[in-house]
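Trainee: coords30.cif (mmCIF, N, CA and C atoms) pasted underneath:
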data_work
#
loop_
_atom_site.label_atom_id
_atom_site.label_comp_id
_atom_site.auth_asym_id
_atom_site.auth_seq_id
_atom_site.Cartn_x
_atom_site.Cartn_y
_atom_site.Cartn_z
N MET E 17 -40.74 82.35 3.68
CA MET E 17 -41.69 81.99 2.64
C MET E 17 -41.16 80.76 1.92
N ASN E 18 -42.04 79.83 1.63
CA ASN E 18 -41.64 78.64 0.90
C ASN E 18 -41.11 79.03 -0.48
N GLU E 19 -40.06 78.36 -0.89
CA GLU E 19 -39.38 78.67 -2.15
C GLU E 19 -40.35 78.67 -3.35
N GLU E 20 -41.33 77.79 -3.34
CA GLU E 20 -42.25 77.69 -4.48
C GLU E 20 -43.09 78.95 -4.69
N TYR E 21 -43.20 79.80 -3.68
CA TYR E 21 -44.02 81.01 -3.78
C TYR E 21 -43.22 82.26 -4.12
N VAL E 22 -41.91 82.20 -4.00
CA VAL E 22 -41.08 83.40 -4.15
C VAL E 22 -41.29 84.07 -5.51
N SER E 23 -41.34 83.30 -6.58
CA SER E 23 -41.44 83.89 -7.93
C SER E 23 -42.87 84.22 -8.35
N LEU E 24 -43.86 83.83 -7.55
CA LEU E 24 -45.25 84.10 -7.91
C LEU E 24 -45.58 85.57 -7.63
N PRO E 25 -46.23 86.23 -8.58
CA PRO E 25 -46.54 87.66 -8.37
C PRO E 25 -47.75 87.87 -7.46
N LEU E 26 -47.66 88.91 -6.66
CA LEU E 26 -48.81 89.37 -5.88
C LEU E 26 -49.64 90.28 -6.79
N VAL E 27 -50.94 90.07 -6.81
CA VAL E 27 -51.83 90.89 -7.64
C VAL E 27 -52.72 91.71 -6.72
N LYS E 28 -52.71 93.02 -6.92
CA LYS E 28 -53.65 93.88 -6.21
C LYS E 28 -54.89 93.99 -7.08
N ASN E 29 -55.99 93.47 -6.57
CA ASN E 29 -57.25 93.43 -7.32
C ASN E 29 -58.21 94.44 -6.69
N PRO E 30 -58.19 95.70 -7.18
CA PRO E 30 -59.02 96.74 -6.55
C PRO E 30 -60.52 96.51 -6.74
N GLU E 31 -60.92 95.80 -7.79
CA GLU E 31 -62.35 95.53 -7.99
C GLU E 31 -62.91 94.65 -6.88
N GLU E 32 -62.09 93.72 -6.38
CA GLU E 32 -62.51 92.80 -5.32
C GLU E 32 -61.99 93.24 -3.94
N ASN E 33 -61.17 94.32 -3.91
CA ASN E 33 -60.50 94.75 -2.68
C ASN E 33 -59.71 93.61 -2.06
N ARG E 34 -58.87 92.96 -2.89
CA ARG E 34 -58.08 91.83 -2.42
C ARG E 34 -56.66 91.89 -3.00
N PHE E 35 -55.72 91.45 -2.18
CA PHE E 35 -54.39 91.09 -2.67
C PHE E 35 -54.45 89.60 -2.92
N GLU E 36 -54.00 89.16 -4.09
CA GLU E 36 -54.15 87.76 -4.47
C GLU E 36 -52.82 87.13 -4.85
N LEU E 37 -52.68 85.86 -4.48
CA LEU E 37 -51.52 85.06 -4.87
C LEU E 37 -52.07 83.79 -5.50
N LYS E 38 -51.89 83.68 -6.81
CA LYS E 38 -52.39 82.52 -7.54
C LYS E 38 -51.34 81.42 -7.50
N VAL E 39 -51.75 80.25 -7.00
CA VAL E 39 -50.87 79.09 -6.90
C VAL E 39 -51.53 77.99 -7.71
N GLY E 40 -51.01 77.76 -8.92
CA GLY E 40 -51.66 76.81 -9.80
C GLY E 40 -53.06 77.30 -10.12
N GLU E 41 -54.06 76.46 -9.87
CA GLU E 41 -55.44 76.86 -10.13
C GLU E 41 -56.14 77.45 -8.92
N TYR E 42 -55.41 77.63 -7.81
CA TYR E 42 -55.99 78.12 -6.56
C TYR E 42 -55.47 79.52 -6.24
N THR E 43 -56.25 80.27 -5.46
CA THR E 43 -55.85 81.63 -5.10
C THR E 43 -55.99 81.85 -3.61
N ALA E 44 -54.88 82.24 -2.98
CA ALA E 44 -54.90 82.72 -1.59
C ALA E 44 -55.05 84.23 -1.67
N PHE E 45 -55.74 84.83 -0.69
CA PHE E 45 -55.97 86.27 -0.79
C PHE E 45 -56.10 86.91 0.59
N ILE E 46 -55.93 88.24 0.58
CA ILE E 46 -56.20 89.08 1.75
C ILE E 46 -57.16 90.17 1.31
N GLU E 47 -58.28 90.28 2.00
CA GLU E 47 -59.21 91.38 1.74
C GLU E 47 -58.68 92.64 2.43
N TYR E 48 -58.83 93.77 1.75
CA TYR E 48 -58.31 95.02 2.31
C TYR E 48 -59.26 96.18 2.04
N LYS E 49 -59.03 97.25 2.79
CA LYS E 49 -59.62 98.56 2.50
C LYS E 49 -58.46 99.54 2.49
N GLU E 50 -58.59 100.58 1.70
CA GLU E 50 -57.49 101.52 1.52
C GLU E 50 -58.03 102.95 1.53
N ARG E 51 -57.31 103.83 2.25
CA ARG E 51 -57.66 105.25 2.26
C ARG E 51 -56.51 106.04 2.85
N ASP E 52 -56.22 107.17 2.23
CA ASP E 52 -55.20 108.11 2.76
C ASP E 52 -53.87 107.43 3.05
N LYS E 53 -53.39 106.63 2.12
CA LYS E 53 -52.09 105.93 2.24
C LYS E 53 -52.05 104.98 3.44
N LYS E 54 -53.23 104.50 3.84
CA LYS E 54 -53.33 103.46 4.86
C LYS E 54 -54.07 102.28 4.25
N ILE E 55 -53.63 101.07 4.61
CA ILE E 55 -54.29 99.85 4.16
C ILE E 55 -54.68 99.04 5.39
N TRP E 56 -55.97 98.74 5.46
CA TRP E 56 -56.50 97.87 6.51
C TRP E 56 -56.55 96.46 5.94
N LEU E 57 -55.84 95.52 6.55
CA LEU E 57 -55.92 94.12 6.13
C LEU E 57 -56.98 93.46 7.00
N ILE E 58 -58.02 92.94 6.36
CA ILE E 58 -59.23 92.54 7.07
C ILE E 58 -59.34 91.03 7.25
N HIS E 59 -59.05 90.28 6.19
CA HIS E 59 -59.29 88.83 6.24
C HIS E 59 -58.34 88.14 5.27
N THR E 60 -57.67 87.10 5.76
CA THR E 60 -56.78 86.28 4.92
C THR E 60 -57.42 84.92 4.74
N GLU E 61 -57.34 84.42 3.51
CA GLU E 61 -57.95 83.11 3.24
C GLU E 61 -57.13 82.35 2.20
N ALA E 62 -57.00 81.05 2.45
CA ALA E 62 -56.39 80.15 1.47
C ALA E 62 -57.35 78.99 1.26
N PRO E 63 -57.52 78.55 0.01
CA PRO E 63 -58.40 77.41 -0.22
C PRO E 63 -57.89 76.17 0.51
N VAL E 64 -58.78 75.26 0.79
CA VAL E 64 -58.44 74.02 1.50
C VAL E 64 -57.22 73.35 0.86
N GLU E 65 -57.16 73.38 -0.47
CA GLU E 65 -56.06 72.72 -1.18
C GLU E 65 -54.69 73.32 -0.87
N LEU E 66 -54.67 74.57 -0.40
CA LEU E 66 -53.40 75.25 -0.09
C LEU E 66 -53.12 75.34 1.41
N GLN E 67 -54.09 75.00 2.24
CA GLN E 67 -53.91 75.15 3.68
C GLN E 67 -52.80 74.23 4.19
N GLY E 68 -51.99 74.78 5.09
CA GLY E 68 -50.88 74.02 5.65
C GLY E 68 -49.66 73.97 4.76
N LYS E 69 -49.69 74.69 3.65
CA LYS E 69 -48.58 74.67 2.69
C LYS E 69 -47.86 76.01 2.60
N GLY E 70 -48.20 76.95 3.48
CA GLY E 70 -47.50 78.24 3.52
C GLY E 70 -48.03 79.30 2.57
N ALA E 71 -49.15 79.03 1.89
CA ALA E 71 -49.67 80.02 0.94
C ALA E 71 -50.19 81.27 1.65
N ALA E 72 -50.85 81.10 2.78
CA ALA E 72 -51.35 82.27 3.52
C ALA E 72 -50.18 83.12 4.01
N THR E 73 -49.15 82.48 4.52
CA THR E 73 -47.96 83.21 4.95
C THR E 73 -47.33 83.95 3.78
N ALA E 74 -47.27 83.31 2.62
CA ALA E 74 -46.67 83.94 1.44
C ALA E 74 -47.46 85.17 1.02
N VAL E 75 -48.79 85.08 1.00
CA VAL E 75 -49.58 86.24 0.59
C VAL E 75 -49.45 87.35 1.63
N ILE E 76 -49.33 87.02 2.89
CA ILE E 76 -49.11 88.04 3.93
C ILE E 76 -47.76 88.72 3.71
N GLU E 77 -46.70 87.94 3.54
CA GLU E 77 -45.36 88.53 3.37
C GLU E 77 -45.30 89.41 2.13
N LYS E 78 -45.87 88.95 1.04
CA LYS E 78 -45.85 89.73 -0.20
C LYS E 78 -46.69 91.00 -0.05
N THR E 79 -47.79 90.92 0.66
CA THR E 79 -48.64 92.10 0.88
C THR E 79 -47.93 93.12 1.76
N LEU E 80 -47.26 92.66 2.82
CA LEU E 80 -46.51 93.58 3.68
C LEU E 80 -45.41 94.27 2.89
N THR E 81 -44.74 93.53 2.02
CA THR E 81 -43.70 94.12 1.17
C THR E 81 -44.30 95.18 0.25
N TYR E 82 -45.46 94.86 -0.34
CA TYR E 82 -46.15 95.83 -1.20
C TYR E 82 -46.47 97.10 -0.42
N ILE E 83 -47.01 96.95 0.78
CA ILE E 83 -47.39 98.10 1.60
C ILE E 83 -46.17 98.98 1.87
N GLU E 84 -45.07 98.34 2.25
CA GLU E 84 -43.85 99.11 2.54
C GLU E 84 -43.29 99.76 1.28
N ASP E 85 -43.18 99.00 0.20
CA ASP E 85 -42.59 99.51 -1.03
C ASP E 85 -43.37 100.67 -1.63
N ASN E 86 -44.67 100.76 -1.32
CA ASN E 86 -45.52 101.79 -1.90
C ASN E 86 -45.88 102.90 -0.92
N GLY E 87 -45.20 102.92 0.22
CA GLY E 87 -45.34 104.03 1.16
C GLY E 87 -46.64 104.07 1.94
N TYR E 88 -47.29 102.92 2.09
CA TYR E 88 -48.52 102.85 2.87
C TYR E 88 -48.19 102.55 4.33
N LYS E 89 -49.17 102.77 5.18
CA LYS E 89 -49.11 102.32 6.57
C LYS E 89 -50.17 101.24 6.74
N LEU E 90 -49.88 100.29 7.61
CA LEU E 90 -50.71 99.11 7.81
C LEU E 90 -51.57 99.24 9.05
N ILE E 91 -52.83 98.83 8.90
CA ILE E 91 -53.72 98.66 10.04
C ILE E 91 -54.18 97.20 10.00
N PRO E 92 -53.60 96.35 10.87
CA PRO E 92 -53.85 94.91 10.80
C PRO E 92 -55.10 94.49 11.59
N LEU E 93 -56.21 94.29 10.89
CA LEU E 93 -57.43 93.83 11.53
C LEU E 93 -57.56 92.30 11.47
N CYS E 94 -56.94 91.69 10.51
CA CYS E 94 -57.01 90.24 10.33
C CYS E 94 -56.21 89.54 11.44
N PRO E 95 -56.82 88.58 12.14
CA PRO E 95 -56.10 87.87 13.21
C PRO E 95 -54.85 87.13 12.71
N LEU E 96 -54.90 86.61 11.50
CA LEU E 96 -53.73 85.90 10.95
C LEU E 96 -52.58 86.87 10.70
N VAL E 97 -52.89 88.05 10.18
CA VAL E 97 -51.86 89.08 9.96
C VAL E 97 -51.32 89.54 11.31
N ALA E 98 -52.19 89.75 12.29
CA ALA E 98 -51.74 90.17 13.62
C ALA E 98 -50.81 89.12 14.23
N ALA E 99 -51.14 87.85 14.08
CA ALA E 99 -50.29 86.78 14.60
C ALA E 99 -48.95 86.77 13.88
N TYR E 100 -48.95 87.01 12.57
CA TYR E 100 -47.70 87.07 11.81
C TYR E 100 -46.83 88.21 12.33
N LEU E 101 -47.44 89.37 12.56
CA LEU E 101 -46.69 90.53 13.06
C LEU E 101 -46.11 90.25 14.45
N LYS E 102 -46.82 89.50 15.26
CA LYS E 102 -46.31 89.16 16.59
C LYS E 102 -45.07 88.28 16.48
N ARG E 103 -45.06 87.38 15.50
CA ARG E 103 -43.91 86.49 15.28
C ARG E 103 -42.76 87.19 14.55
N HIS E 104 -43.06 88.28 13.83
CA HIS E 104 -42.07 89.02 13.05
C HIS E 104 -42.17 90.51 13.37
N PRO E 105 -41.75 90.91 14.58
CA PRO E 105 -41.95 92.30 15.03
C PRO E 105 -41.21 93.34 14.19
N ASP E 106 -40.25 92.93 13.38
CA ASP E 106 -39.56 93.89 12.52
C ASP E 106 -40.54 94.56 11.55
N TRP E 107 -41.65 93.91 11.23
CA TRP E 107 -42.66 94.50 10.34
C TRP E 107 -43.46 95.60 11.04
N ASN E 108 -43.32 95.76 12.33
CA ASN E 108 -44.04 96.84 13.02
C ASN E 108 -43.66 98.21 12.52
N ARG E 109 -42.57 98.27 11.75
CA ARG E 109 -42.13 99.55 11.19
C ARG E 109 -43.15 100.13 10.20
N ILE E 110 -44.07 99.30 9.68
CA ILE E 110 -45.06 99.81 8.74
C ILE E 110 -46.45 99.95 9.36
N VAL E 111 -46.58 99.58 10.63
CA VAL E 111 -47.89 99.65 11.29
C VAL E 111 -48.21 101.09 11.65
N ALA E 112 -49.43 101.53 11.33
CA ALA E 112 -49.85 102.90 11.62
C ALA E 112 -50.01 103.11 13.11
#
Write the structure described by the file as structure tokens, please.
Mentor:
Amino acid sequence: MNEEYVSLPLVKNPEENRFELKVGEYTAFIEYKERDKKIWLIHTEAPVELQGKGAATAVIEKTLTYIEDNGYKLIPLCPLVAAYLKRHPDWNRIVA
């Protein structure tokens, strides 16, 4: 994760069903669904202003950490999350 994102908090926004990472005035996010201690990650998005700067990767990494720290299991439906898991197979420990 890029150093500039390390101190930024991940926000779980249940009203929007999104995990959000606010970077300045922009927000990268992952849409999710949750049930029975499982979280389905559906879609990751970063605004044009953040694309290519590691914001999507940062929100993915922070979301995976949240899932693990809170005892959830992951169901990765988002292609970007699936690609991240392929590059970082150690995270398969949280996949349902």
Trainee: Set the distance at 6 Å and use only C-alpha atoms: which residues neighbour Leu37 in chain E once local chain neighbours fewer than 2 positions away are removed? I'd like the list as a short mmCIF file (atom, residue, chain, number, x, y, z; two decimals) with N, CA and C atoms, in the coordinates of the input.
Mentor:
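Generated file (around36.cif):
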data_model
loop_
_atom_site.label_atom_id
_atom_site.label_comp_id
_atom_site.auth_asym_id
_atom_site.auth_seq_id
_atom_site.Cartn_x
_atom_site.Cartn_y
_atom_site.Cartn_z
N LEU E 26 -47.66 88.91 -6.66
CA LEU E 26 -48.81 89.37 -5.88
C LEU E 26 -49.64 90.28 -6.79
N THR E 43 -56.25 80.27 -5.46
CA THR E 43 -55.85 81.63 -5.10
C THR E 43 -55.99 81.85 -3.61
N ALA E 44 -54.88 82.24 -2.98
CA ALA E 44 -54.90 82.72 -1.59
C ALA E 44 -55.05 84.23 -1.67
N VAL E 75 -48.79 85.08 1.00
CA VAL E 75 -49.58 86.24 0.59
C VAL E 75 -49.45 87.35 1.63
#
Trainee: If we count all atoms listed in the file and set the cut-off at 7 Å, which residues sit around Cys94 in chain E, ignoring sequence neighbours fewer than 2 positions away in its own chain? Please answer as a PDB file with N, CA and C atoms, in the coordinates of the input.
Mentor:
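Generated output (result_3.pdb):
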ATOM      1  N   TRP E  56     -55.970  98.740   5.460  1.00  0.00           N
ATOM      2  CA  TRP E  56     -56.500  97.870   6.510  1.00  0.00           C
ATOM      3  C   TRP E  56     -56.550  96.460   5.940  1.00  0.00           C
ATOM      4  N   LEU E  57     -55.840  95.520   6.550  1.00  0.00           N
ATOM      5  CA  LEU E  57     -55.920  94.120   6.130  1.00  0.00           C
ATOM      6  C   LEU E  57     -56.980  93.460   7.000  1.00  0.00           C
ATOM      7  N   ILE E  58     -58.020  92.940   6.360  1.00  0.00           N
ATOM      8  CA  ILE E  58     -59.230  92.540   7.070  1.00  0.00           C
ATOM      9  C   ILE E  58     -59.340  91.030   7.250  1.00  0.00           C
ATOM     10  N   HIS E  59     -59.050  90.280   6.190  1.00  0.00           N
ATOM     11  CA  HIS E  59     -59.290  88.830   6.240  1.00  0.00           C
ATOM     12  C   HIS E  59     -58.340  88.140   5.270  1.00  0.00           C
ATOM     13  N   THR E  60     -57.670  87.100   5.760  1.00  0.00           N
ATOM     14  CA  THR E  60     -56.780  86.280   4.920  1.00  0.00           C
ATOM     15  C   THR E  60     -57.420  84.920   4.740  1.00  0.00           C
ATOM     16  N   ILE E  91     -52.830  98.830   8.900  1.00  0.00           N
ATOM     17  CA  ILE E  91     -53.720  98.660  10.040  1.00  0.00           C
ATOM     18  C   ILE E  91     -54.180  97.200  10.000  1.00  0.00           C
ATOM     19  N   PRO E  92     -53.600  96.350  10.870  1.00  0.00           N
ATOM     20  CA  PRO E  92     -53.850  94.910  10.800  1.00  0.00           C
ATOM     21  C   PRO E  92     -55.100  94.490  11.590  1.00  0.00           C
ATOM     22  N   LEU E  96     -54.900  86.610  11.500  1.00  0.00           N
ATOM     23  CA  LEU E  96     -53.730  85.900  10.950  1.00  0.00           C
ATOM     24  C   LEU E  96     -52.580  86.870  10.700  1.00  0.00           C
ATOM     25  N   VAL E  97     -52.890  88.050  10.180  1.00  0.00           N
ATOM     26  CA  VAL E  97     -51.860  89.080   9.960  1.00  0.00           C
ATOM     27  C   VAL E  97     -51.320  89.540  11.310  1.00  0.00           C
ATOM     28  N   ALA E  98     -52.190  89.750  12.290  1.00  0.00           N
ATOM     29  CA  ALA E  98     -51.740  90.170  13.620  1.00  0.00           C
ATOM     30  C   ALA E  98     -50.810  89.120  14.230  1.00  0.00           C
ATOM     31  N   ALA E  99     -51.140  87.850  14.080  1.00  0.00           N
ATOM     32  CA  ALA E  99     -50.290  86.780  14.600  1.00  0.00           C
ATOM     33  C   ALA E  99     -48.950  86.770  13.880  1.00  0.00           C
TER      34      ALA E  99
END
Trainee: The PyMOL selection byres ((chain E and resi 110) around 6) - which residues does that actually catch in the file I just gave you? List them as a list in words.
Mentor: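 Matching residues under the PyMOL selection byres ((chain E and resi 110) around 6) are Tyr88, Lys89, Leu90, Trp107, Asn108, Arg109, Val111 and Ala112 of chain E.
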Trainee: Pick from E:Tyr21, E:Leu101, E:Lys53, E:Glu36: nearest to Asp85 in chain E, with only C-alpha atoms counted?
Mentor: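 Using only C-alpha atoms, the shortest distance to Asp85 in chain E belongs to E:Lys53.
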Trainee: Can you list, as a PyMOL selection string, every protein, DNA or RNA residue that comes within 8 Å of Ala74 in chain E when you count all atoms listed in the file, leaving out same-chain residues fewer than 2 positions away?
Mentor: chain E and resi 17-18+21-22+37+69-72+76-80
Trainee: Pick out each residue of chain E that DSSP on the backbone tags as alpha helix (DSSP H); I need them as a PyMOL selection string.
Mentor: chain E and resi 19-22+71-85+95-103
Trainee: For the atom pair CA of Lys38 in chain E and CA of Asp52 in chain E, what is the interatomic distance in Å to one decimal place?
Mentor: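 Going from CA of Lys38 in chain E over to CA of Asp52 in chain E covers 27.7 Å.
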